[in-house]
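Structure, as structure tokens:
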Amino acid sequence: MTEKLKRFARRHPLLRDAALWAIPAVLLGSVLRWLLLSYQPFAYWGTDSSSYYTFVDNLLTKGDFELKEKRRYVYPLYLLGVGILPGATLKWLAWLQHGFGLLTLLPLAYVVRKSFVHWRWIVLPVTLLYVSLPMVIWFEHELLGENLFYAAFIWAMAGWAAWTSQAAIPRARLLWWWFFAAYTVILLIKPSGRFIVPGVILGLLAVRAWRTLTWKQLTPLAAVVAVAMTMGTDKQSSWLLYSSSFPLTRLDTPLHAEYKTEVRDLITDLRARLGSYFLLADEGPKVFLKYPEKHPDRPLWAALGEDDDKRARIYRDLALEGILARPDLFLFISAQKLVHSARLEEFKMERFDGDYFARRFEDGYNELAEERPQILWRLFALPKNQPPPRYEEMAPRLGKTGTKEEERLVRYLRGVQESFTLVSKRPEGFGQEWAIAAYRPAILGWLFLAGAVLALASPYRDTIGVWVVLAVGYLFGVFLVGSANPRFFAAAWPPLILAIAVPFDLLLRAISGLWQQRPSAAPNPTSAA
């Protein structure tokens, strides 16, 4: 076995280097995750967890195999595999997702090794930072698709870097499938994954993929996109789209004029505060549009709560009319949400408090105990066919607060969050009507902007450059319809972190006289990496 590993390392020197240089980050990440698991032993069950787990419950309880449009394919099937393991599902999930997060450091280190001349100076800061990001750690700890979604971006980057730099065409076609596998996960785990498709198309054109790929590779690429289009619901997509464009509703046209009349006061007020709408949408318009039936003072809108098809059609009509009239304002709102979500500080660190799960789970626990106790039996390995214990008895098992492990982890993660800032924010009230005026690039933000431009030039273009463009395009797509939320931004962090490293690599190349040298490559054209 040892001899086989040695032969493998000699044949794949880049993989060997990536594995060795990822070890410090793996060790640090293991300590951080062990600290969290020591006082929060169960993966967190949040508001969206039930919609993912329903498939598993229906299949194991009733034998019904039904993947709902909103939560289809990769993550529910993954949860099924975890759910049939003996013991508490939420304990298994936490350990498995944290383990997969640590494993993902290998492809991240590989991308650094493949893309930079002075990779030894870059690989440790990049991997140590990524493994310490609070969002990455937390979403490994929650029953939510984000963990696999974030990781798939990194694996896709690594697969892309491997096949685009391979000179031998047969070998390049073989390595292509590493990218394709991760690309498939991205598209089939969340509906928002489809926003990477335009970037992938541009990337294929940029690297002149037709020199390497044939219909055997490109046909499955298109087929996955077709499958991904079956995810999500019309009700959900129209609600999100109209929530993002609500103040752009045209009040002076006949389209659904009777509905416009009932919300004229809301539209007028929000239009006057368009500069801060990205901060107001979640608290007002988004809730109103999701639950119009709770507003009997607006009877036409309240009636829409009973007719999903009609509601989706009217929301879509009004949204598209407003967007087509003022696409500039729609893009501006999206850019505001993107900038706001780029701030790590917007991620709520209270999640790492030892009693966070216990504080927030009581209503959900009692509802499950009454309606679907079998879910609690599986999640926490409770005695089957018995009523779940009262929440007062269960809460202490969900987490311990006041421990040294909690204190050390929170202190470290707060330091990371405060130190790594792309966008700084001036004091509250600055800018007043135009809230975005309070935001400005921090030092790392300027480095990212410089690195993103430099990455578009050779020799970084085919790897980092392509993925910076892809990530920015993905973010704009997400925030055209999604709310301002750092969780939606997090998938793009790896290519953005790599872009920040580009100026440093160029500086080191200039100092060492290697300006004309391309990034390190495997010493022979048959290397798999």
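Letters A, B, ... mark the chains of the structure tokens in the order given; residue numbers begin at 1 per chain; ligand numbers begin at 1, in order shown.
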
Give one line per residue of range 313-428 of chain A that approaches range 223-238 of chain A to at most 12 Å, naming the two atoms of the closest pair and their distance in Å to one decimal, counting only C-alpha atoms; sort by chain then ascending residue number and deliver it as a Markdown table.
```
| residue | atom | partner | partner_atom | distance |
| --- | --- | --- | --- | --- |
| A:Arg313 | CA | A:Ser238 | CA | 7.6 |
| A:Ile314 | CA | A:Ser238 | CA | 8.7 |
| A:Tyr315 | CA | A:Ser238 | CA | 5.8 |
| A:Arg316 | CA | A:Ser238 | CA | 5.2 |
| A:Asp317 | CA | A:Ser238 | CA | 9.0 |
| A:Leu318 | CA | A:Ser238 | CA | 9.7 |
| A:Ala319 | CA | A:Ser238 | CA | 8.0 |
| A:Leu320 | CA | A:Ser238 | CA | 9.7 |
```

Which of range 289-404 of chain A fall in helix (DSSP H, G or I), as a count of residues only: 83

Surrounding residues of Pro388 in chain A excluding itself and chain neighbours under 6 positions, 8 Å, only C-alpha atoms, as a ChimeraX atom specification: /A:369,373,376-377,382

Mind dumping the selected residues with all heavy atoms as a PDB file, in the first residue's frame?
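And here's selection-v8.pdb as it stands now:
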```pdb
ATOM      1  N   ALA A 369     -43.371  16.791  17.480  1.00  0.00           N
ATOM      2  CA  ALA A 369     -43.789  15.813  18.485  1.00  0.00           C
ATOM      3  C   ALA A 369     -45.265  15.504  18.376  1.00  0.00           C
ATOM      4  O   ALA A 369     -45.698  14.361  18.601  1.00  0.00           O
ATOM      5  CB  ALA A 369     -43.460  16.340  19.879  1.00  0.00           C
ATOM      6  N   PRO A 373     -43.931  12.550  15.051  1.00  0.00           N
ATOM      7  CA  PRO A 373     -42.926  12.159  16.060  1.00  0.00           C
ATOM      8  C   PRO A 373     -41.853  11.242  15.504  1.00  0.00           C
ATOM      9  O   PRO A 373     -40.738  11.195  16.027  1.00  0.00           O
ATOM     10  CB  PRO A 373     -43.758  11.467  17.141  1.00  0.00           C
ATOM     11  CG  PRO A 373     -45.000  11.015  16.441  1.00  0.00           C
ATOM     12  CD  PRO A 373     -45.276  12.069  15.415  1.00  0.00           C
ATOM     13  N   LEU A 376     -38.591  12.946  14.893  1.00  0.00           N
ATOM     14  CA  LEU A 376     -37.766  13.151  16.093  1.00  0.00           C
ATOM     15  C   LEU A 376     -37.083  11.854  16.513  1.00  0.00           C
ATOM     16  O   LEU A 376     -35.940  11.877  16.986  1.00  0.00           O
ATOM     17  CB  LEU A 376     -38.618  13.702  17.232  1.00  0.00           C
ATOM     18  CG  LEU A 376     -39.201  15.102  17.020  1.00  0.00           C
ATOM     19  CD1 LEU A 376     -40.072  15.495  18.206  1.00  0.00           C
ATOM     20  CD2 LEU A 376     -38.087  16.133  16.825  1.00  0.00           C
ATOM     21  N   TRP A 377     -37.774  10.735  16.358  1.00  0.00           N
ATOM     22  CA  TRP A 377     -37.143   9.458  16.710  1.00  0.00           C
ATOM     23  C   TRP A 377     -35.855   9.270  15.909  1.00  0.00           C
ATOM     24  O   TRP A 377     -34.838   8.836  16.448  1.00  0.00           O
ATOM     25  CB  TRP A 377     -38.093   8.289  16.410  1.00  0.00           C
ATOM     26  CG  TRP A 377     -39.367   8.320  17.184  1.00  0.00           C
ATOM     27  CD1 TRP A 377     -39.612   8.985  18.356  1.00  0.00           C
ATOM     28  CD2 TRP A 377     -40.590   7.651  16.840  1.00  0.00           C
ATOM     29  NE1 TRP A 377     -40.915   8.784  18.763  1.00  0.00           N
ATOM     30  CE2 TRP A 377     -41.544   7.956  17.853  1.00  0.00           C
ATOM     31  CE3 TRP A 377     -40.988   6.830  15.791  1.00  0.00           C
ATOM     32  CZ2 TRP A 377     -42.841   7.475  17.837  1.00  0.00           C
ATOM     33  CZ3 TRP A 377     -42.281   6.340  15.765  1.00  0.00           C
ATOM     34  CH2 TRP A 377     -43.197   6.663  16.780  1.00  0.00           C
ATOM     35  N   LEU A 382     -34.326   8.715  19.441  1.00  0.00           N
ATOM     36  CA  LEU A 382     -35.207   8.550  20.588  1.00  0.00           C
ATOM     37  C   LEU A 382     -35.887   7.178  20.527  1.00  0.00           C
ATOM     38  O   LEU A 382     -35.986   6.576  19.448  1.00  0.00           O
ATOM     39  CB  LEU A 382     -36.263   9.658  20.594  1.00  0.00           C
ATOM     40  CG  LEU A 382     -35.744  11.096  20.693  1.00  0.00           C
ATOM     41  CD1 LEU A 382     -36.894  12.078  20.566  1.00  0.00           C
ATOM     42  CD2 LEU A 382     -34.989  11.316  21.983  1.00  0.00           C
TER      43      LEU A 382
END
```

All residues 12 Å or closer to Thr253 in chain A, only C-alpha atoms, same chain fewer than 4 positions away omitted, as number ranges by chain: A: 249, 257-261, 318, 321-322, 325

Just all heavy atoms for this one: save the residues we selected as a PDB file, in the first residue's frame.
```
ATOM      1  N   THR A 249     -43.295  48.526  -9.512  1.00  0.00           N
ATOM      2  CA  THR A 249     -44.647  48.315 -10.048  1.00  0.00           C
ATOM      3  C   THR A 249     -45.154  49.591 -10.709  1.00  0.00           C
ATOM      4  O   THR A 249     -45.127  50.672 -10.120  1.00  0.00           O
ATOM      5  CB  THR A 249     -45.619  47.908  -8.936  1.00  0.00           C
ATOM      6  OG1 THR A 249     -45.132  46.737  -8.279  1.00  0.00           O
ATOM      7  CG2 THR A 249     -47.005  47.626  -9.501  1.00  0.00           C
ATOM      8  N   ALA A 257     -54.886  46.658 -13.023  1.00  0.00           N
ATOM      9  CA  ALA A 257     -55.003  47.981 -12.394  1.00  0.00           C
ATOM     10  C   ALA A 257     -55.729  47.921 -11.051  1.00  0.00           C
ATOM     11  O   ALA A 257     -55.403  48.683 -10.128  1.00  0.00           O
ATOM     12  CB  ALA A 257     -55.731  48.934 -13.339  1.00  0.00           C
ATOM     13  N   GLU A 258     -56.710  47.043 -10.923  1.00  0.00           N
ATOM     14  CA  GLU A 258     -57.471  46.970  -9.683  1.00  0.00           C
ATOM     15  C   GLU A 258     -56.588  46.507  -8.524  1.00  0.00           C
ATOM     16  O   GLU A 258     -56.772  46.938  -7.370  1.00  0.00           O
ATOM     17  CB  GLU A 258     -58.679  46.034  -9.847  1.00  0.00           C
ATOM     18  CG  GLU A 258     -58.355  44.572 -10.102  1.00  0.00           C
ATOM     19  CD  GLU A 258     -58.018  44.252 -11.564  1.00  0.00           C
ATOM     20  OE1 GLU A 258     -57.736  45.201 -12.334  1.00  0.00           O
ATOM     21  OE2 GLU A 258     -58.028  43.055 -11.916  1.00  0.00           O
ATOM     22  N   TYR A 259     -55.624  45.642  -8.819  1.00  0.00           N
ATOM     23  CA  TYR A 259     -54.689  45.200  -7.782  1.00  0.00           C
ATOM     24  C   TYR A 259     -53.719  46.322  -7.421  1.00  0.00           C
ATOM     25  O   TYR A 259     -53.358  46.497  -6.251  1.00  0.00           O
ATOM     26  CB  TYR A 259     -53.917  43.963  -8.253  1.00  0.00           C
ATOM     27  CG  TYR A 259     -54.764  42.715  -8.290  1.00  0.00           C
ATOM     28  CD1 TYR A 259     -55.488  42.373  -9.435  1.00  0.00           C
ATOM     29  CD2 TYR A 259     -54.862  41.893  -7.177  1.00  0.00           C
ATOM     30  CE1 TYR A 259     -56.280  41.239  -9.469  1.00  0.00           C
ATOM     31  CE2 TYR A 259     -55.660  40.747  -7.204  1.00  0.00           C
ATOM     32  CZ  TYR A 259     -56.363  40.429  -8.345  1.00  0.00           C
ATOM     33  OH  TYR A 259     -57.160  39.298  -8.373  1.00  0.00           O
ATOM     34  N   LYS A 260     -53.296  47.058  -8.403  1.00  0.00           N
ATOM     35  CA  LYS A 260     -52.374  48.176  -8.165  1.00  0.00           C
ATOM     36  C   LYS A 260     -53.021  49.235  -7.273  1.00  0.00           C
ATOM     37  O   LYS A 260     -52.353  49.840  -6.428  1.00  0.00           O
ATOM     38  CB  LYS A 260     -51.931  48.789  -9.485  1.00  0.00           C
ATOM     39  CG  LYS A 260     -51.099  47.868 -10.359  1.00  0.00           C
ATOM     40  CD  LYS A 260     -50.806  48.512 -11.715  1.00  0.00           C
ATOM     41  CE  LYS A 260     -49.996  47.586 -12.604  1.00  0.00           C
ATOM     42  NZ  LYS A 260     -49.762  48.160 -13.947  1.00  0.00           N
ATOM     43  N   THR A 261     -54.300  49.441  -7.475  1.00  0.00           N
ATOM     44  CA  THR A 261     -54.997  50.460  -6.680  1.00  0.00           C
ATOM     45  C   THR A 261     -54.922  50.143  -5.192  1.00  0.00           C
ATOM     46  O   THR A 261     -54.739  51.032  -4.359  1.00  0.00           O
ATOM     47  CB  THR A 261     -56.464  50.561  -7.131  1.00  0.00           C
ATOM     48  OG1 THR A 261     -56.508  50.948  -8.507  1.00  0.00           O
ATOM     49  CG2 THR A 261     -57.216  51.594  -6.298  1.00  0.00           C
ATOM     50  N   LEU A 318     -46.794  41.590 -13.028  1.00  0.00           N
ATOM     51  CA  LEU A 318     -46.454  42.900 -12.465  1.00  0.00           C
ATOM     52  C   LEU A 318     -44.941  43.071 -12.346  1.00  0.00           C
ATOM     53  O   LEU A 318     -44.412  44.169 -12.564  1.00  0.00           O
ATOM     54  CB  LEU A 318     -47.121  43.067 -11.099  1.00  0.00           C
ATOM     55  CG  LEU A 318     -48.649  43.107 -11.109  1.00  0.00           C
ATOM     56  CD1 LEU A 318     -49.192  43.230  -9.679  1.00  0.00           C
ATOM     57  CD2 LEU A 318     -49.164  44.260 -11.966  1.00  0.00           C
ATOM     58  N   GLU A 321     -43.445  43.630 -15.919  1.00  0.00           N
ATOM     59  CA  GLU A 321     -43.793  44.957 -16.422  1.00  0.00           C
ATOM     60  C   GLU A 321     -42.898  46.024 -15.796  1.00  0.00           C
ATOM     61  O   GLU A 321     -42.369  46.905 -16.482  1.00  0.00           O
ATOM     62  CB  GLU A 321     -45.262  45.268 -16.135  1.00  0.00           C
ATOM     63  CG  GLU A 321     -45.702  46.630 -16.694  1.00  0.00           C
ATOM     64  CD  GLU A 321     -47.099  47.019 -16.248  1.00  0.00           C
ATOM     65  OE1 GLU A 321     -47.409  46.821 -15.048  1.00  0.00           O
ATOM     66  OE2 GLU A 321     -47.869  47.521 -17.088  1.00  0.00           O
ATOM     67  N   GLY A 322     -42.713  45.960 -14.483  1.00  0.00           N
ATOM     68  CA  GLY A 322     -41.872  46.941 -13.804  1.00  0.00           C
ATOM     69  C   GLY A 322     -40.411  46.825 -14.191  1.00  0.00           C
ATOM     70  O   GLY A 322     -39.717  47.835 -14.379  1.00  0.00           O
ATOM     71  N   ALA A 325     -39.727  48.154 -17.675  1.00  0.00           N
ATOM     72  CA  ALA A 325     -39.805  49.619 -17.716  1.00  0.00           C
ATOM     73  C   ALA A 325     -38.552  50.263 -17.142  1.00  0.00           C
ATOM     74  O   ALA A 325     -38.083  51.285 -17.647  1.00  0.00           O
ATOM     75  CB  ALA A 325     -41.044  50.099 -16.961  1.00  0.00           C
TER      76      ALA A 325
END
```

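Look at Pro41 in chain A: the protein and nucleic acid residues within 8 Å of it, using only C-alpha atoms and passing over chain neighbours fewer than 4 places away, are Leu36, Leu37, Lys91, Ala94, Leu398 and Gly399 of chain A.
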
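Comparing the minimum interatomic distances between Leu447 in chain A and each of A:Gly305, A:Val410, A:Leu498, A:Glu69, counting only C-alpha atoms, we find that A:Leu498 sits nearest.
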
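Near Gly145 in chain A, within a cut-off of 8 Å and counting only C-alpha atoms, sit the residues Tyr75, Ile189 and Lys190 of chain A, with same-chain residues fewer than 5 positions away left out.
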
Counting only C-alpha atoms, the residue of A:Leu422, A:Ile137, A:Ala303, A:Leu129 that sits nearest Pro441 in chain A: A:Leu422

All strand (DSSP E) residues (DSSP, backbone) inside range 297-466 of chain A, as a list in words: Val423, Ser424, Lys425, Tyr439, Arg440 and Pro441 of chain A
